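J.: Dropping a structure here in structure tokens format, bear with me for questions.
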Amino acid sequence: MIFKNGDSFDRKFLVTETVYNGFIATFKDTNPLHTDEAFAIAHGFEGRVMHGNILNGFLSYFIGECLPDKNVIILSQEIQFKKPVYLHDELLFNAQITNVSEAVKAVEFKFTFKNPAGKVVSKGQIQIGLLA
Amino acid sequence: MDKSEALQKVNAIFIDVLDDEDLVLDYTTSADDVEDWDSLNHIQLVVAVEKAFKIRFTSQEIQSWNNVGEMLDCILSKGA
């Protein structure tokens with residue numbers, strides 16, 4: 001098993017115009033919180049709040065492209081959104097392995113995304129399986 | 001813990017993982033008898049059992065099980 005309990009992975013993810021516009025073009029979520037600056041500010045935010053599920057895209061990329069083994073499948077995932085993410089935010093992502101089940105080749109990670117101020121904007125857990 | 005108590009604990013795990021409140025396991029139950037006990041759910045079931053009983057299985061052990069009773073024997077053999 002290439003994965004070990006306690007293994008840690010770090011990456012940076014940038015919420016670019018391309019990511020933001022691509023998400024809207026794909027999923028059609030144009031809720032004003034995400035698209036109307038004045039609306040978002042009127043509700044106490046600094047600007048348009050990025051869709052939380054953009055972070056799920058980053059998670060998908062991490063699992064699918066950044067691990068040392070590409071023979072992986074996401075089995076389950078939990079995510080909490082703690083603070084808003086804004087356009088052009090650079091997010092520091094960390095994932096640590098919390099459980100490895102050799103018998104069924106399953107690996108569990110806990111992860112966090114931190115904003116430029118170092119605050120956790122999102123956290124959760126992912127369980128993956130290693131394909132035979 | 002005896003085998004009957006282990007069965008109750010494993011049954012509760014299966015109910016949770018498979019989202020089937022009516023599921024009743026016995027010692028002879030196998031994957032063929034439970035509609036949603038497929039290969040992906042099997043991973044979740046094994047991981048959940050390992051955590052609940054604080055034990056680890058080997059791949060050889062889980063491949064040797066023919067039914068729930070044999071899973072329970074394996075669990076109990078680890079001192080759970």
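Naming scheme: A, B, ... for chains in displayed order of the structure tokens; residues 1 onward per chain; ligands 1 onward as shown.
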I need the chain B residues near chain A as a short mmCIF file (atom, residue, chain, number, x, y, z; two decimals) with C-alpha atoms, in the first residue's frame; criterion: at most 7 Å, counting only C-alpha atoms.

T.:
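Here's the written file selection-v3.cif:
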```cif
data_model
loop_
_atom_site.label_atom_id
_atom_site.label_comp_id
_atom_site.auth_asym_id
_atom_site.auth_seq_id
_atom_site.Cartn_x
_atom_site.Cartn_y
_atom_site.Cartn_z
CA ILE B 43 -15.65 -1.56 1.23
CA VAL B 47 -14.13 -0.19 7.07
CA PHE B 57 -8.67 -7.42 8.64
CA THR B 58 -6.38 -8.72 5.94
CA SER B 59 -7.47 -9.09 2.35
#
```

J.: For region 12-19 of chain A, find every residue with an atom within 7 Å (counting only C-alpha atoms), except residues of its own chain fewer than 4 positions away, and show them as a PyMOL selection string.

T.: chain A and resi 23+87-93

J.: Next, write the just-selected residues to a file, as a PDB file, in the first residue's frame, keeping all heavy atoms as the atom set.

T.:
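Output saved as out_9.pdb:
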```
ATOM      1  N   PHE A  23     -17.875  27.303 -13.917  1.00  0.00           N
ATOM      2  CA  PHE A  23     -18.851  26.675 -13.023  1.00  0.00           C
ATOM      3  C   PHE A  23     -20.259  27.158 -13.361  1.00  0.00           C
ATOM      4  O   PHE A  23     -21.200  26.359 -13.477  1.00  0.00           O
ATOM      5  CB  PHE A  23     -18.506  26.996 -11.557  1.00  0.00           C
ATOM      6  CG  PHE A  23     -19.327  26.226 -10.560  1.00  0.00           C
ATOM      7  CD1 PHE A  23     -18.866  25.030 -10.028  1.00  0.00           C
ATOM      8  CD2 PHE A  23     -20.565  26.691 -10.157  1.00  0.00           C
ATOM      9  CE1 PHE A  23     -19.626  24.311  -9.111  1.00  0.00           C
ATOM     10  CE2 PHE A  23     -21.335  25.975  -9.245  1.00  0.00           C
ATOM     11  CZ  PHE A  23     -20.864  24.791  -8.723  1.00  0.00           C
ATOM     12  N   LEU A  87     -13.637  35.678  -5.388  1.00  0.00           N
ATOM     13  CA  LEU A  87     -12.920  35.584  -6.651  1.00  0.00           C
ATOM     14  C   LEU A  87     -11.460  36.003  -6.450  1.00  0.00           C
ATOM     15  O   LEU A  87     -11.174  36.971  -5.759  1.00  0.00           O
ATOM     16  CB  LEU A  87     -13.591  36.494  -7.685  1.00  0.00           C
ATOM     17  CG  LEU A  87     -13.156  36.343  -9.138  1.00  0.00           C
ATOM     18  CD1 LEU A  87     -13.432  34.936  -9.655  1.00  0.00           C
ATOM     19  CD2 LEU A  87     -13.871  37.373 -10.009  1.00  0.00           C
ATOM     20  N   HIS A  88     -10.564  35.258  -7.067  1.00  0.00           N
ATOM     21  CA  HIS A  88      -9.117  35.477  -7.020  1.00  0.00           C
ATOM     22  C   HIS A  88      -8.477  35.048  -5.702  1.00  0.00           C
ATOM     23  O   HIS A  88      -7.270  35.247  -5.523  1.00  0.00           O
ATOM     24  CB  HIS A  88      -8.742  36.939  -7.322  1.00  0.00           C
ATOM     25  CG  HIS A  88      -9.277  37.446  -8.622  1.00  0.00           C
ATOM     26  ND1 HIS A  88      -9.062  36.797  -9.820  1.00  0.00           N
ATOM     27  CD2 HIS A  88     -10.046  38.529  -8.915  1.00  0.00           C
ATOM     28  CE1 HIS A  88      -9.669  37.454 -10.794  1.00  0.00           C
ATOM     29  NE2 HIS A  88     -10.282  38.505 -10.276  1.00  0.00           N
ATOM     30  N   ASP A  89      -9.255  34.494  -4.775  1.00  0.00           N
ATOM     31  CA  ASP A  89      -8.639  33.955  -3.548  1.00  0.00           C
ATOM     32  C   ASP A  89      -7.700  32.806  -3.910  1.00  0.00           C
ATOM     33  O   ASP A  89      -8.040  31.941  -4.726  1.00  0.00           O
ATOM     34  CB  ASP A  89      -9.709  33.402  -2.585  1.00  0.00           C
ATOM     35  CG  ASP A  89     -10.287  34.471  -1.680  1.00  0.00           C
ATOM     36  OD1 ASP A  89      -9.834  35.627  -1.757  1.00  0.00           O
ATOM     37  OD2 ASP A  89     -11.208  34.141  -0.901  1.00  0.00           O
ATOM     38  N   GLU A  90      -6.536  32.792  -3.270  1.00  0.00           N
ATOM     39  CA  GLU A  90      -5.641  31.650  -3.387  1.00  0.00           C
ATOM     40  C   GLU A  90      -5.835  30.806  -2.133  1.00  0.00           C
ATOM     41  O   GLU A  90      -5.577  31.282  -1.019  1.00  0.00           O
ATOM     42  CB  GLU A  90      -4.178  32.083  -3.506  1.00  0.00           C
ATOM     43  CG  GLU A  90      -3.234  30.907  -3.723  1.00  0.00           C
ATOM     44  CD  GLU A  90      -1.785  31.353  -3.877  1.00  0.00           C
ATOM     45  OE1 GLU A  90      -1.193  31.802  -2.868  1.00  0.00           O
ATOM     46  OE2 GLU A  90      -1.259  31.264  -4.998  1.00  0.00           O
ATOM     47  N   LEU A  91      -6.285  29.598  -2.314  1.00  0.00           N
ATOM     48  CA  LEU A  91      -6.605  28.738  -1.182  1.00  0.00           C
ATOM     49  C   LEU A  91      -5.488  27.739  -0.939  1.00  0.00           C
ATOM     50  O   LEU A  91      -4.996  27.101  -1.877  1.00  0.00           O
ATOM     51  CB  LEU A  91      -7.914  27.987  -1.452  1.00  0.00           C
ATOM     52  CG  LEU A  91      -9.133  28.873  -1.739  1.00  0.00           C
ATOM     53  CD1 LEU A  91     -10.340  28.010  -2.084  1.00  0.00           C
ATOM     54  CD2 LEU A  91      -9.437  29.783  -0.556  1.00  0.00           C
ATOM     55  N   LEU A  92      -5.106  27.629   0.318  1.00  0.00           N
ATOM     56  CA  LEU A  92      -4.111  26.627   0.703  1.00  0.00           C
ATOM     57  C   LEU A  92      -4.846  25.370   1.132  1.00  0.00           C
ATOM     58  O   LEU A  92      -5.651  25.398   2.072  1.00  0.00           O
ATOM     59  CB  LEU A  92      -3.239  27.141   1.851  1.00  0.00           C
ATOM     60  CG  LEU A  92      -2.403  28.372   1.549  1.00  0.00           C
ATOM     61  CD1 LEU A  92      -1.650  28.832   2.792  1.00  0.00           C
ATOM     62  CD2 LEU A  92      -1.429  28.087   0.418  1.00  0.00           C
ATOM     63  N   PHE A  93      -4.582  24.313   0.425  1.00  0.00           N
ATOM     64  CA  PHE A  93      -5.265  23.048   0.667  1.00  0.00           C
ATOM     65  C   PHE A  93      -4.320  22.069   1.349  1.00  0.00           C
ATOM     66  O   PHE A  93      -3.158  21.953   0.963  1.00  0.00           O
ATOM     67  CB  PHE A  93      -5.738  22.457  -0.664  1.00  0.00           C
ATOM     68  CG  PHE A  93      -6.296  21.068  -0.569  1.00  0.00           C
ATOM     69  CD1 PHE A  93      -7.588  20.849  -0.118  1.00  0.00           C
ATOM     70  CD2 PHE A  93      -5.537  19.966  -0.943  1.00  0.00           C
ATOM     71  CE1 PHE A  93      -8.116  19.568  -0.034  1.00  0.00           C
ATOM     72  CE2 PHE A  93      -6.056  18.682  -0.867  1.00  0.00           C
ATOM     73  CZ  PHE A  93      -7.351  18.482  -0.413  1.00  0.00           C
TER      74      PHE A  93
END
```

J.: Of the candidates A:Gly57, A:Lys4, A:Asn21, A:Val49, which one gets nearest to Leu33 (chain A) if we count only C-alpha atoms?

T.: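 Looking at the shortest contact to Leu33 (chain A), the residue is A:Val49.
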
J.: What are the DSSP strand (DSSP E or B) residues of region 29-125 of chain A, as a PyMOL selection string?

T.: chain A and resi 49+72-81+86+90-101+106-114+120-125

J.: Please write the residues from the selection above to a file, keeping N, CA and C atoms, as a CSV table (one decimal), in the first residue's frame.

T.:
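selection_33.csv, freshly written:
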```csv
chain,number,residue,atom,x,y,z
A,49,VAL,N,-19.8,35.9,-3.5
A,49,VAL,CA,-19.3,34.7,-2.8
A,49,VAL,C,-19.2,33.6,-3.8
A,72,VAL,N,-7.7,5.3,-8.6
A,72,VAL,CA,-8.5,5.7,-7.4
A,72,VAL,C,-9.9,6.0,-7.8
A,73,ILE,N,-10.8,5.9,-6.8
A,73,ILE,CA,-12.2,6.3,-7.0
A,73,ILE,C,-12.7,6.9,-5.7
A,74,ILE,N,-13.4,8.0,-5.7
A,74,ILE,CA,-14.0,8.6,-4.5
A,74,ILE,C,-15.2,7.7,-4.1
A,75,LEU,N,-15.2,7.3,-2.8
A,75,LEU,CA,-16.3,6.5,-2.3
A,75,LEU,C,-17.3,7.3,-1.5
A,76,SER,N,-16.7,8.3,-0.7
A,76,SER,CA,-17.6,9.1,0.0
A,76,SER,C,-16.9,10.5,0.3
A,77,GLN,N,-17.7,11.4,0.7
A,77,GLN,CA,-17.1,12.8,0.9
A,77,GLN,C,-18.1,13.6,1.8
A,78,GLU,N,-17.5,14.3,2.7
A,78,GLU,CA,-18.3,15.2,3.5
A,78,GLU,C,-17.5,16.6,3.5
A,79,ILE,N,-18.2,17.7,3.4
A,79,ILE,CA,-17.6,19.0,3.3
A,79,ILE,C,-18.4,20.0,4.1
A,80,GLN,N,-17.7,20.8,4.8
A,80,GLN,CA,-18.3,22.0,5.5
A,80,GLN,C,-17.8,23.2,4.9
A,81,PHE,N,-18.7,24.2,4.8
A,81,PHE,CA,-18.3,25.5,4.3
A,81,PHE,C,-18.3,26.5,5.5
A,86,TYR,N,-13.8,34.2,-2.1
A,86,TYR,CA,-14.0,35.3,-3.1
A,86,TYR,C,-13.2,35.0,-4.3
A,90,GLU,N,-6.5,32.8,-3.3
A,90,GLU,CA,-5.6,31.6,-3.4
A,90,GLU,C,-5.8,30.8,-2.1
A,91,LEU,N,-6.3,29.6,-2.3
A,91,LEU,CA,-6.6,28.7,-1.2
A,91,LEU,C,-5.5,27.7,-0.9
A,92,LEU,N,-5.1,27.6,0.3
A,92,LEU,CA,-4.1,26.6,0.7
A,92,LEU,C,-4.8,25.4,1.1
A,93,PHE,N,-4.6,24.3,0.4
A,93,PHE,CA,-5.3,23.0,0.7
A,93,PHE,C,-4.3,22.1,1.3
A,94,ASN,N,-4.8,21.4,2.4
A,94,ASN,CA,-4.0,20.3,3.0
A,94,ASN,C,-4.9,19.1,3.2
A,95,ALA,N,-4.4,18.0,2.9
A,95,ALA,CA,-5.1,16.7,3.2
A,95,ALA,C,-4.2,15.8,3.9
A,96,GLN,N,-4.7,15.1,5.0
A,96,GLN,CA,-3.9,14.2,5.7
A,96,GLN,C,-4.7,12.9,5.8
A,97,ILE,N,-3.9,11.8,5.6
A,97,ILE,CA,-4.5,10.5,5.7
A,97,ILE,C,-4.8,10.1,7.2
A,98,THR,N,-6.1,9.7,7.4
A,98,THR,CA,-6.5,9.4,8.8
A,98,THR,C,-6.8,8.0,9.0
A,99,ASN,N,-7.0,7.2,7.9
A,99,ASN,CA,-7.3,5.8,8.1
A,99,ASN,C,-6.9,5.1,6.8
A,100,VAL,N,-6.3,4.0,6.9
A,100,VAL,CA,-6.0,3.1,5.8
A,100,VAL,C,-6.5,1.7,6.1
A,101,SER,N,-7.4,1.2,5.3
A,101,SER,CA,-7.8,-0.2,5.4
A,101,SER,C,-7.2,-1.0,4.3
A,106,ALA,N,-8.9,0.9,1.1
A,106,ALA,CA,-9.7,2.1,1.3
A,106,ALA,C,-8.8,3.1,2.1
A,107,VAL,N,-8.8,4.4,1.7
A,107,VAL,CA,-8.0,5.4,2.3
A,107,VAL,C,-8.9,6.6,2.7
A,108,GLU,N,-8.8,7.1,3.9
A,108,GLU,CA,-9.6,8.2,4.3
A,108,GLU,C,-8.6,9.4,4.6
A,109,PHE,N,-9.1,10.6,4.1
A,109,PHE,CA,-8.4,11.8,4.3
A,109,PHE,C,-9.3,12.8,5.1
A,110,LYS,N,-8.6,13.6,5.9
A,110,LYS,CA,-9.3,14.9,6.4
A,110,LYS,C,-8.6,16.0,5.7
A,111,PHE,N,-9.4,17.0,5.3
A,111,PHE,CA,-8.8,18.1,4.5
A,111,PHE,C,-9.3,19.4,5.0
A,112,THR,N,-8.5,20.5,4.7
A,112,THR,CA,-8.9,21.8,5.0
A,112,THR,C,-8.5,22.7,3.8
A,113,PHE,N,-9.3,23.7,3.5
A,113,PHE,CA,-8.9,24.8,2.6
A,113,PHE,C,-8.8,26.1,3.5
A,114,LYS,N,-7.7,26.8,3.4
A,114,LYS,CA,-7.5,28.0,4.1
A,114,LYS,C,-7.5,29.2,3.1
A,120,VAL,N,-9.6,28.8,8.1
A,120,VAL,CA,-10.2,27.7,7.4
A,120,VAL,C,-11.5,28.1,6.8
A,121,VAL,N,-11.7,28.0,5.5
A,121,VAL,CA,-12.9,28.3,4.8
A,121,VAL,C,-13.8,27.0,4.6
A,122,SER,N,-13.1,25.9,4.6
A,122,SER,CA,-13.8,24.7,4.3
A,122,SER,C,-13.0,23.5,4.9
A,123,LYS,N,-13.7,22.5,5.4
A,123,LYS,CA,-13.0,21.3,5.9
A,123,LYS,C,-13.9,20.1,5.7
A,124,GLY,N,-13.4,18.9,5.7
A,124,GLY,CA,-14.2,17.8,5.6
A,124,GLY,C,-13.3,16.5,5.5
A,125,GLN,N,-14.0,15.5,4.9
A,125,GLN,CA,-13.3,14.2,4.8
A,125,GLN,C,-13.7,13.6,3.5
```

J.: Can you measure CA of Leu59 (chain A) to CA of Ile2 (chain A) for me? One decimal in Å is fine.

T.: 19.7 Å

J.: Please extract the residues of chain B with a backbone DSSP assignment of alpha helix (DSSP H) and present them as an NGL selection string.

T.: :B and (3-18 or 39-53 or 59-64 or 68-77)

J.: How many Å lie between CA of His51 (chain A) and CA of His34 (chain A), rounded to one decimal?

T.: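 Distance reported for this atom pair: 6.5 Å.
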
J.: With only C-alpha atoms as the counted atoms, please give the residues lying no more than 10 Å from Lys78 (chain B), apart from itself and same-chain residues fewer than 6 positions off, as a list in words.

T.: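 Counting only C-alpha atoms, the residues come to Phe53, Lys54, Ile55, Arg56 and Phe57 of chain B.
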
J.: Extract, using only C-alpha atoms, all DNA, RNA and protein residues at most 10 Å from region 19-32 of chain B, discarding same-chain residues fewer than 6 positions from it, and format them as number ranges by chain.

T.: B: 3-4, 7-8, 10-13, 38-39, 42, 65-73

J.: Would you mind reading off the distance between CA of Asn115 (chain A) and CA of Val85 (chain A), one decimal, in Å?

T.: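 Separation between CA of Asn115 (chain A) and CA of Val85 (chain A): 7.3 Å.
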